[in-house]
$ cat run33.cif   # mmCIF, C-alpha atoms
data_entry
loop_
_atom_site.label_atom_id
_atom_site.label_comp_id
_atom_site.auth_asym_id
_atom_site.auth_seq_id
_atom_site.Cartn_x
_atom_site.Cartn_y
_atom_site.Cartn_z
CA MET G 1 -23.44 -7.59 -14.77
CA SER G 2 -22.84 -9.66 -17.85
CA GLY G 3 -24.63 -12.98 -17.99
CA THR G 4 -21.37 -14.78 -18.75
CA GLN G 5 -20.32 -17.22 -16.04
CA PHE G 6 -16.88 -16.68 -14.59
CA THR G 7 -14.95 -19.93 -14.29
CA SER G 8 -13.58 -20.49 -10.80
CA GLN G 9 -9.85 -21.15 -10.38
CA SER G 10 -10.24 -22.45 -6.81
CA SER G 11 -11.42 -25.66 -5.17
CA ILE G 12 -13.40 -23.56 -2.64
CA ASP G 13 -16.91 -22.86 -3.88
CA VAL G 14 -18.89 -19.93 -2.47
CA ASP G 15 -22.19 -18.32 -3.34
CA GLY G 16 -21.95 -15.45 -5.79
CA GLU G 17 -19.49 -14.48 -8.49
CA ALA G 18 -18.02 -11.60 -6.48
CA ARG G 19 -17.13 -13.86 -3.58
CA GLN G 20 -15.77 -16.50 -5.93
CA LEU G 21 -13.41 -14.01 -7.53
CA LEU G 22 -12.15 -13.07 -4.07
CA VAL G 23 -11.52 -16.72 -3.19
CA ASP G 24 -9.79 -17.35 -6.52
CA LEU G 25 -7.46 -14.39 -6.06
CA VAL G 26 -6.53 -15.32 -2.49
CA SER G 27 -6.03 -18.94 -3.55
CA THR G 28 -3.46 -17.85 -6.16
CA PRO G 29 -0.13 -16.87 -4.54
CA SER G 30 1.30 -13.55 -5.72
CA VAL G 31 4.27 -12.54 -3.62
CA SER G 32 5.91 -9.39 -5.00
CA GLY G 33 7.72 -10.27 -8.21
CA GLU G 34 5.61 -13.38 -8.77
CA GLU G 35 2.22 -11.88 -9.64
CA ARG G 36 1.72 -13.35 -13.12
CA ARG G 37 -0.62 -16.25 -12.22
CA CYS G 38 -2.86 -14.00 -10.14
CA ALA G 39 -2.88 -11.42 -12.93
CA GLU G 40 -4.15 -14.13 -15.26
CA VAL G 41 -7.10 -14.77 -12.91
CA LEU G 42 -8.07 -11.10 -13.26
CA VAL G 43 -7.59 -11.17 -17.03
CA SER G 44 -9.87 -14.20 -17.27
CA TYR G 45 -12.52 -12.45 -15.19
CA PHE G 46 -12.58 -9.37 -17.43
CA GLU G 47 -12.51 -11.45 -20.61
CA GLU G 48 -15.50 -13.44 -19.39
CA HIS G 49 -17.35 -10.12 -19.18
CA ASP G 50 -16.30 -8.96 -22.66
CA ARG G 51 -14.05 -6.20 -21.34
CA GLU G 52 -10.88 -5.10 -23.08
CA VAL G 53 -7.99 -6.23 -20.89
CA TRP G 54 -4.26 -6.86 -21.14
CA VAL G 55 -1.13 -7.27 -19.02
CA ASP G 56 1.28 -4.39 -19.61
CA GLU G 57 5.09 -4.34 -19.63
CA ALA G 58 5.29 -3.96 -15.86
CA GLY G 59 2.89 -6.84 -15.22
CA ASN G 60 -0.14 -4.67 -14.41
CA VAL G 61 -3.63 -5.78 -15.44
CA ARG G 62 -5.20 -2.96 -17.46
CA ALA G 63 -8.92 -2.85 -18.30
CA PRO G 64 -9.67 0.70 -19.50
CA ALA G 65 -13.23 1.94 -19.90
CA ASP G 66 -14.94 5.05 -18.49
CA ASP G 67 -12.11 7.19 -17.10
CA GLY G 68 -14.53 9.16 -14.97
CA VAL G 69 -13.28 6.79 -12.28
CA LEU G 70 -10.17 4.62 -12.15
CA LEU G 71 -10.59 1.69 -9.74
CA THR G 72 -7.22 0.27 -8.77
CA SER G 73 -5.51 -1.94 -6.21
CA HIS G 74 -2.39 -4.06 -5.99
CA ILE G 75 -1.97 -7.71 -6.89
CA ASP G 76 1.15 -8.51 -4.89
CA THR G 77 1.38 -9.65 -1.28
CA VAL G 78 4.11 -10.06 1.29
CA PRO G 79 5.39 -13.62 1.87
CA GLY G 80 3.54 -15.92 4.25
CA ASP G 81 1.86 -19.29 3.88
CA ILE G 82 -1.62 -19.12 5.45
CA PRO G 83 -3.95 -21.99 4.47
CA VAL G 84 -6.81 -20.65 2.35
CA GLU G 85 -10.09 -21.62 3.96
CA ILE G 86 -13.45 -20.25 4.99
CA ARG G 87 -14.12 -20.46 8.71
CA ASP G 88 -15.28 -18.30 11.57
CA ALA G 89 -13.54 -15.05 12.35
CA ARG G 90 -11.93 -15.17 15.79
CA ASP G 91 -13.88 -12.27 17.25
CA ASP G 92 -17.37 -13.38 16.25
CA ASP G 93 -19.34 -16.17 14.60
CA VAL G 94 -19.25 -15.01 10.97
CA ASP G 95 -17.73 -16.54 7.85
CA ALA G 96 -14.30 -15.21 7.00
CA LEU G 97 -11.83 -16.01 4.25
CA TRP G 98 -8.41 -16.82 5.68
CA GLY G 99 -5.28 -16.57 3.57
CA ARG G 100 -2.34 -14.36 2.73
CA GLY G 101 -3.55 -11.25 0.94
CA SER G 102 -7.21 -11.62 1.94
CA VAL G 103 -6.98 -8.18 3.59
CA ASP G 104 -3.91 -6.64 1.95
CA ALA G 105 -5.09 -6.23 -0.65
CA LYS G 106 -7.01 -8.93 -2.52
CA GLY G 107 -10.27 -8.07 -0.78
CA PRO G 108 -10.06 -4.50 -2.12
CA LEU G 109 -8.65 -5.80 -5.44
CA ALA G 110 -11.58 -8.16 -6.00
CA ALA G 111 -14.08 -5.46 -5.04
CA MET G 112 -12.48 -3.03 -7.52
CA ALA G 113 -12.60 -5.58 -10.32
CA VAL G 114 -16.25 -6.52 -9.71
CA ALA G 115 -17.28 -2.86 -9.41
CA ALA G 116 -15.42 -2.00 -12.62
CA VAL G 117 -17.37 -4.67 -14.51
CA SER G 118 -20.74 -3.74 -13.02
CA THR G 119 -20.35 0.03 -13.51
CA GLY G 120 -18.16 0.33 -16.62
CA ALA G 121 -15.35 2.16 -14.81
CA SER G 122 -11.68 1.81 -15.72
CA PHE G 123 -9.58 -0.70 -13.77
CA ALA G 124 -5.91 -1.34 -13.06
CA GLY G 125 -4.47 -4.12 -10.93
CA VAL G 126 -0.87 -3.14 -10.24
CA VAL G 127 2.23 -5.04 -9.16
CA GLY G 128 5.03 -4.37 -6.71
CA GLU G 129 3.23 -2.13 -4.23
CA GLU G 130 4.72 -3.97 -1.26
CA VAL G 131 8.30 -3.32 -2.37
CA ASP G 132 8.78 -0.33 -4.70
CA SER G 133 5.41 0.60 -6.31
CA ARG G 134 6.88 -0.22 -9.71
CA GLY G 135 3.43 -1.06 -11.08
CA GLY G 136 1.91 2.22 -9.94
CA LEU G 137 4.91 4.18 -11.24
CA HIS G 138 4.63 2.49 -14.64
CA LEU G 139 0.90 3.19 -14.74
CA VAL G 140 1.29 6.94 -14.26
CA GLU G 141 4.12 7.08 -16.81
CA ASP G 142 2.29 5.01 -19.41
CA ARG G 143 -1.13 6.67 -19.31
CA ALA G 144 -1.70 9.54 -21.72
CA SER G 145 -3.75 11.52 -19.19
CA ALA G 146 -5.04 11.45 -15.64
CA PRO G 147 -8.43 9.93 -14.82
CA ASP G 148 -11.11 12.24 -13.46
CA ALA G 149 -11.02 10.46 -10.09
CA VAL G 150 -9.13 7.59 -8.44
CA ILE G 151 -10.36 5.05 -5.91
CA ASN G 152 -7.35 3.12 -4.64
CA GLY G 153 -7.94 -0.23 -2.99
CA GLU G 154 -6.47 -0.87 0.46
CA PRO G 155 -8.18 -2.07 3.66
CA SER G 156 -10.02 0.72 5.45
CA GLY G 157 -13.02 -1.21 6.78
CA TRP G 158 -16.28 -0.81 4.88
CA GLN G 159 -17.13 2.33 6.89
CA GLY G 160 -13.68 3.92 6.58
CA ILE G 161 -12.30 6.31 3.95
CA THR G 162 -8.54 6.88 3.87
CA LEU G 163 -7.58 10.41 2.87
CA GLY G 164 -3.92 10.59 3.84
CA TYR G 165 -0.66 8.66 3.95
CA ARG G 166 2.75 9.63 5.22
CA GLY G 167 5.64 9.66 2.78
CA LEU G 168 8.91 7.75 2.91
CA VAL G 169 12.61 8.25 2.41
CA GLY G 170 14.96 5.31 2.51
CA GLY G 171 18.66 4.89 1.97
CA THR G 172 21.90 3.24 3.02
CA TYR G 173 24.58 4.83 5.21
CA VAL G 174 28.14 3.74 4.36
CA ALA G 175 31.31 4.56 6.33
CA THR G 176 34.90 3.32 6.38
CA SER G 177 37.68 3.94 8.89
CA GLU G 178 41.22 2.69 9.32
CA SER G 179 41.57 -0.39 11.47
CA GLY G 180 43.22 -0.03 14.84
CA HIS G 181 43.36 -1.47 18.31
CA THR G 182 40.05 -1.26 20.15
CA SER G 183 41.81 0.51 23.02
CA ARG G 184 42.30 3.62 20.88
CA PRO G 185 39.91 6.53 21.61
CA GLU G 186 39.09 7.48 18.01
CA ASN G 187 35.71 6.44 16.64
CA ASN G 188 35.65 3.67 14.11
CA ALA G 189 33.09 3.41 11.28
CA VAL G 190 30.65 1.43 13.42
CA GLN G 191 30.68 4.12 16.11
CA ASP G 192 30.23 6.82 13.46
CA ALA G 193 27.14 5.04 12.17
CA ILE G 194 25.67 4.67 15.66
CA ALA G 195 26.42 8.31 16.53
CA TRP G 196 24.84 9.61 13.33
CA TRP G 197 21.67 7.61 13.81
CA SER G 198 21.39 8.59 17.48
CA ASN G 199 21.46 12.25 16.44
CA VAL G 200 18.80 11.65 13.78
CA GLU G 201 16.50 9.91 16.27
CA GLN G 202 16.98 12.69 18.79
CA GLU G 203 16.25 15.34 16.15
CA PHE G 204 12.87 13.81 15.35
CA ALA G 205 11.92 12.85 18.91
CA THR G 206 8.55 14.36 19.84
CA ASP G 207 6.09 14.46 22.68
CA GLU G 208 4.46 11.03 22.96
CA TRP G 209 1.05 12.67 22.73
CA GLU G 210 1.68 13.98 19.22
CA ALA G 211 -0.22 11.95 16.64
CA ILE G 212 2.00 9.45 14.83
CA PHE G 213 0.65 10.69 11.48
CA GLU G 214 2.14 14.14 12.25
CA ARG G 215 5.60 12.85 13.20
CA VAL G 216 8.74 11.85 11.36
CA THR G 217 9.51 8.33 12.53
CA ALA G 218 13.02 7.02 11.90
CA LYS G 219 13.87 3.32 11.80
CA PRO G 220 17.07 1.44 10.97
CA THR G 221 16.15 -1.71 9.07
CA LYS G 222 19.55 -3.39 8.78
CA ILE G 223 23.08 -2.79 10.07
CA GLU G 224 26.34 -4.55 9.28
CA GLY G 225 29.90 -3.71 10.25
CA GLY G 226 33.33 -4.84 11.27
CA LEU G 227 36.81 -5.49 9.93
CA THR G 228 37.22 -5.93 6.21
CA ASP G 229 38.58 -9.24 4.95
CA ASP G 230 42.07 -7.80 4.57
CA GLY G 231 42.03 -6.50 8.15
CA LEU G 232 43.02 -2.97 7.13
CA SER G 233 39.71 -1.14 7.54
CA VAL G 234 36.50 -1.08 9.52
CA GLU G 235 33.31 -0.72 7.48
CA ALA G 236 29.72 -0.03 8.50
CA THR G 237 26.52 0.00 6.47
CA MET G 238 23.08 0.83 7.79
CA ALA G 239 19.80 0.72 5.88
CA VAL G 240 17.36 3.34 7.17
CA GLN G 241 13.80 4.50 6.57
CA LEU G 242 12.09 7.69 7.67
CA ARG G 243 8.34 8.26 7.42
CA VAL G 244 7.39 11.78 6.35
CA PRO G 245 4.22 13.61 7.54
CA PRO G 246 2.27 15.89 5.16
CA SER G 247 3.65 18.94 7.00
CA MET G 248 7.06 18.17 5.45
CA ASN G 249 8.47 16.79 2.22
CA THR G 250 11.17 14.23 1.53
CA GLU G 251 13.86 16.79 0.65
CA GLU G 252 13.38 18.57 3.98
CA VAL G 253 13.81 15.32 5.89
CA ILE G 254 16.91 14.39 3.89
CA GLU G 255 18.44 17.83 4.49
CA ILE G 256 17.93 17.48 8.24
CA THR G 257 19.42 13.99 8.43
CA GLU G 258 22.41 14.93 6.29
CA GLY G 259 23.09 17.85 8.62
CA TYR G 260 24.48 15.35 11.11
CA LEU G 261 26.89 13.74 8.64
CA ASP G 262 30.63 14.44 8.64
CA VAL G 263 30.75 13.53 4.93
CA ALA G 264 27.80 14.66 2.79
CA ASP G 265 27.60 11.62 0.53
CA ARG G 266 27.68 8.95 3.24
CA VAL G 267 23.99 8.15 2.66
CA HIS G 268 22.82 6.89 -0.71
CA TRP G 269 19.11 7.74 -0.92
CA LYS G 270 17.11 5.43 -3.16
CA ASP G 271 13.47 5.66 -2.00
CA LYS G 272 11.58 8.96 -2.03
CA VAL G 273 7.80 8.93 -1.73
CA GLU G 274 6.01 12.18 -0.96
CA PRO G 275 3.20 12.27 1.64
CA VAL G 276 -0.39 12.86 0.58
CA MET G 277 -3.41 14.37 2.31
CA MET G 278 -6.67 14.75 0.38
CA SER G 279 -9.52 17.08 1.33
CA PRO G 280 -12.64 15.49 2.84
CA ARG G 281 -14.66 17.93 0.72
CA THR G 282 -13.96 16.45 -2.72
CA ASP G 283 -16.78 14.91 -4.73
CA VAL G 284 -15.23 11.47 -4.19
CA ALA G 285 -15.08 11.79 -0.40
CA ARG G 286 -18.63 13.18 -0.26
CA ALA G 287 -19.92 10.33 -2.41
CA PHE G 288 -18.36 7.77 -0.06
CA ARG G 289 -19.84 9.39 3.04
CA ALA G 290 -23.29 9.39 1.47
CA ALA G 291 -23.01 5.78 0.25
CA ILE G 292 -21.79 4.49 3.62
CA ARG G 293 -24.67 6.20 5.40
CA GLN G 294 -27.08 4.84 2.79
CA ALA G 295 -25.80 1.33 3.60
CA GLY G 296 -26.42 1.90 7.32
CA GLY G 297 -22.87 2.79 8.32
CA ASP G 298 -21.11 5.65 10.09
CA PRO G 299 -18.36 7.09 7.85
CA ARG G 300 -14.89 7.52 9.35
CA MET G 301 -12.11 9.65 7.85
CA LEU G 302 -8.74 7.90 8.19
CA ARG G 303 -5.08 8.85 7.95
CA LYS G 304 -2.54 6.04 7.59
CA THR G 305 0.97 6.14 9.00
CA GLY G 306 2.47 4.07 6.15
CA THR G 307 2.47 4.63 2.40
CA SER G 308 0.53 3.23 -0.55
CA ASP G 309 0.22 3.64 -4.30
CA MET G 310 -2.06 6.60 -3.59
CA ASN G 311 1.12 8.55 -2.78
CA VAL G 312 2.37 7.80 -6.30
CA TYR G 313 -0.90 8.74 -7.98
CA ALA G 314 -1.26 11.99 -6.02
CA GLN G 315 2.20 13.11 -7.14
CA ALA G 316 1.38 12.49 -10.80
CA TRP G 317 -2.31 13.25 -11.18
CA ASP G 318 -4.17 16.38 -10.12
CA CYS G 319 -7.52 14.75 -9.44
CA PRO G 320 -9.55 13.80 -6.36
CA MET G 321 -8.85 10.40 -4.86
CA VAL G 322 -9.44 8.28 -1.80
CA THR G 323 -8.36 4.86 -0.63
CA TYR G 324 -11.08 2.38 0.28
CA GLY G 325 -11.60 -1.33 0.76
CA PRO G 326 -12.83 -4.08 3.06
CA GLY G 327 -10.71 -5.49 5.85
CA ASP G 328 -9.08 -4.66 9.15
CA SER G 329 -5.71 -3.05 8.41
CA ASP G 330 -4.38 -4.37 11.74
CA LEU G 331 -4.32 -7.75 9.97
CA ASP G 332 -2.04 -6.51 7.14
CA HIS G 333 0.90 -8.93 6.83
CA ALA G 334 -0.26 -10.75 9.98
CA PRO G 335 -0.12 -14.54 10.51
CA ASN G 336 -3.88 -14.54 11.16
CA GLU G 337 -4.88 -12.48 8.11
CA HIS G 338 -8.57 -12.98 7.28
CA LEU G 339 -11.47 -11.05 5.77
CA LYS G 340 -15.07 -11.26 6.91
CA LEU G 341 -17.20 -12.05 3.89
CA ASP G 342 -20.13 -9.89 4.97
CA GLU G 343 -17.79 -6.90 5.18
CA TYR G 344 -16.56 -7.65 1.68
CA ASP G 345 -20.19 -7.66 0.47
CA ARG G 346 -20.96 -4.35 2.19
CA SER G 347 -17.86 -2.67 0.82
CA LEU G 348 -18.72 -3.80 -2.70
CA GLU G 349 -22.22 -2.32 -2.33
CA VAL G 350 -20.71 1.00 -1.21
CA LEU G 351 -18.08 0.97 -3.95
CA GLU G 352 -20.60 0.33 -6.72
CA THR G 353 -22.90 3.07 -5.41
CA VAL G 354 -20.05 5.59 -5.28
CA THR G 355 -18.69 4.66 -8.72
CA ARG G 356 -22.08 4.93 -10.41
CA ARG G 357 -22.72 8.28 -8.75
CA LEU G 358 -19.39 9.69 -9.88
CA LEU G 359 -19.78 8.39 -13.44
CA GLU G 360 -23.24 9.95 -13.71
CA ASP G 361 -22.11 13.40 -12.55
#

$ encode --input "run33.cif" --output "structure tokens"
Amino acid sequence: MSGTQFTSQSSIDVDGEARQLLVDLVSTPSVSGEERRCAEVLVSYFEEHDREVWVDEAGNVRAPADDGVLLTSHIDTVPGDIPVEIRDARDDDVDALWGRGSVDAKGPLAAMAVAAVSTGASFAGVVGEEVDSRGGLHLVEDRASAPDAVINGEPSGWQGITLGYRGLVGGTYVATSESGHTSRPENNAVQDAIAWWSNVEQEFATDEWEAIFERVTAKPTKIEGGLTDDGLSVEATMAVQLRVPPSMNTEEVIEITEGYLDVADRVHWKDKVEPVMMSPRTDVARAFRAAIRQAGGDPRMLRKTGTSDMNVYAQAWDCPMVTYGPGDSDLDHAPNEHLKLDEYDRSLEVLETVTRRLLED
């Protein structure tokens, strides 16, 4: 580490620069679309350590160095006002940092930044992961080449290594029908929407014992309908999302759902994120297993049912990657979001060991 002292941005003082960066990041709100102030905390940290750093056109913090490893995580959080404080975790008597983003994903983000400085690896803090991955998409488009390896920061627990994420398709169903008396037998647009979605759900229904990671799960996220203002038509719109397992791709799922439509263009698809499943035999995965055991842990291979920026990177870059970071993912977006500080310390130790090992090979 450089001998330069990082200047804290927070009123909460903790022992150690790595913990202080974590506190400073969590203390700086960064809801998706409003990440600039938090990005400036990261920029200040890298500048204090004499690292090249800038904020790119998308709002990402870029600190390139040894591209043998790219350490990356997201800056943005979901909304939610949780007072930032250090107090006991609920399940045991250990210090924990409470606050929105402490787990998802400022714990991993801080660990990536500190490890990048201590090892000389490249770093990117990206924006918009919680909404549309615009930061990750800009990163892959803007870089001239792929890194040799990627470690993406999301909570996995310090002993966990995430190798897979499901994909996602999302869109909006739109239908219109002529208005008429409700006693008439013909379906109106609202009934058409309900019937279509019922068929989609039935198509993807599976045995309850099948692992969620292996299923397509279909969820409506918003529905509106009724008479138009002029009283001449009935309209219905329904926003939908379907999670895609690695055994399928987004086009296959779209083709199946559109098979139940009476008009092909009723659904306007706007989100398409392919699933990803990495091998546990890559150099990156092996390095993590060894480092976790070296730190006294028992490595666990994880598969997540949601999506992350790792899906974006895997589509663009043909290189080994894993997702790793401190925190209990059950606390993602939760009203009691908090990160145990000793877990943060352990994860940083593992991350630095892995990064050094990969850069030396």

$ residues_around --input "run33.cif" --residues "Thr250 (chain G)" --least-positions-apart "2" --cutoff "10 Å" --atoms "all atoms listed in the file" --output "ChimeraX atom specification"
/G:167-170,242-246,248,252-255,271-275

$ write_last_selection --input "run33.cif" --atoms "C-alpha atoms" --output "mmCIF file, keeping the file's coordinate frame"
data_model
loop_
_atom_site.group_PDB
_atom_site.id
_atom_site.type_symbol
_atom_site.label_atom_id
_atom_site.label_comp_id
_atom_site.auth_asym_id
_atom_site.auth_seq_id
_atom_site.Cartn_x
_atom_site.Cartn_y
_atom_site.Cartn_z
ATOM 1 C CA GLY G 167 5.640 9.660 2.780
ATOM 2 C CA LEU G 168 8.910 7.750 2.910
ATOM 3 C CA VAL G 169 12.610 8.250 2.410
ATOM 4 C CA GLY G 170 14.960 5.310 2.510
ATOM 5 C CA LEU G 242 12.090 7.690 7.670
ATOM 6 C CA ARG G 243 8.340 8.260 7.420
ATOM 7 C CA VAL G 244 7.390 11.780 6.350
ATOM 8 C CA PRO G 245 4.220 13.610 7.540
ATOM 9 C CA PRO G 246 2.270 15.890 5.160
ATOM 10 C CA MET G 248 7.060 18.170 5.450
ATOM 11 C CA GLU G 252 13.380 18.570 3.980
ATOM 12 C CA VAL G 253 13.810 15.320 5.890
ATOM 13 C CA ILE G 254 16.910 14.390 3.890
ATOM 14 C CA GLU G 255 18.440 17.830 4.490
ATOM 15 C CA ASP G 271 13.470 5.660 -2.000
ATOM 16 C CA LYS G 272 11.580 8.960 -2.030
ATOM 17 C CA VAL G 273 7.800 8.930 -1.730
ATOM 18 C CA GLU G 274 6.010 12.180 -0.960
ATOM 19 C CA PRO G 275 3.200 12.270 1.640
#

$ closest_residue --input "run33.cif" --among "G:Val23, G:Cys319, G:Leu71, G:Met112" --to "Arg100 (chain G)" --atoms "only C-alpha atoms"
G:Val23

$ resolve_selection --input "run33.cif" --expression "the PyMOL selection byres ((chain G and resi 198-215) around 9)" --output "list in words"
Gly164, Tyr165, Arg166, Ala193, Ile194, Ala195, Trp196, Trp197, Val216, Thr217, Ala218, Lys219, Arg243, Val244, Pro245, Pro246, Ser247, Ile256, Thr257, Glu258, Tyr260, Arg303, Lys304, Thr305 and Gly306 of chain G

$ atom_distance --input "run33.cif" --atom1 "CA of Lys222 (chain G)" --atom2 "CA of Thr237 (chain G)"
8.1 Å

$ atom_distance --input "run33.cif" --atom1 "CA of Ser73 (chain G)" --atom2 "CA of Pro335 (chain G)"
21.6 Å

$ resolve_selection --input "run33.cif" --expression "the PyMOL selection byres ((chain G and resi 356-361) around 9)" --output "list of chain:residue names"
G:Asp66, G:Asp67, G:Gly68, G:Val69, G:Thr119, G:Gly120, G:Ala121, G:Ala149, G:Asp283, G:Val284, G:Ala287, G:Leu351, G:Glu352, G:Thr353, G:Val354, G:Thr355

$ residues_around --input "run33.cif" --residues "Pro320 (chain G)" --least-positions-apart "6" --cutoff "9 Å" --atoms "all atoms listed in the file" --output "MDAnalysis selection string"
chainID G and resid 148:151 278:279 282:285 314

$ resolve_selection --input "run33.cif" --expression "the PyMOL selection byres ((chain G and resi 114) around 12)" --output "PyMOL selection string"
chain G and resi 1-2+6+16-22+42+45-46+48-49+51+63+71-72+106-113+115-123+344-345+347-349+351-352+355

$ atom_distance --input "run33.cif" --atom1 "CA of Glu154 (chain G)" --atom2 "CA of Asp132 (chain G)"
16.1 Å

$ closest_residue --input "run33.cif" --among "G:Leu339, G:Val84, G:Ala334, G:Leu70" --to "Met310 (chain G)" --atoms "only C-alpha atoms"
G:Leu70

$ closest_residue --input "run33.cif" --among "G:Val267, G:Leu97, G:Ala290, G:Val126" --to "Ala239 (chain G)" --atoms "all atoms listed in the file"
G:Val267

$ closest_residue --input "run33.cif" --among "G:Val78, G:Leu232, G:Ile161, G:Ala175" --to "Asp104 (chain G)" --atoms "all atoms listed in the file"
G:Val78

$ closest_residue --input "run33.cif" --among "G:Ala144, G:Val103, G:Ile75, G:Met277" --to "Pro29 (chain G)" --atoms "all atoms listed in the file"
G:Ile75

$ closest_residue --input "run33.cif" --among "G:Val61, G:Val131, G:Ala96, G:Val263" --to "Pro79 (chain G)" --atoms "all atoms listed in the file"
G:Val131

$ axis_aligned_box --input "run33.cif" --around "region 157-171 of chain G" --padding-each-side "6 Å" --output "lines of an AutoDock Vina configuration file"
center_x = 0.8
center_y = 4.7
center_z = 4.4
size_x = 47.8
size_y = 23.8
size_z = 16.9

$ residues_around --input "run33.cif" --residues "Val140 (chain G)" --least-positions-apart "2" --cutoff "8 Å" --atoms "only C-alpha atoms" --output "NGL selection string"
:G and (136-138 or 142-143 or 146 or 313 or 316-317)
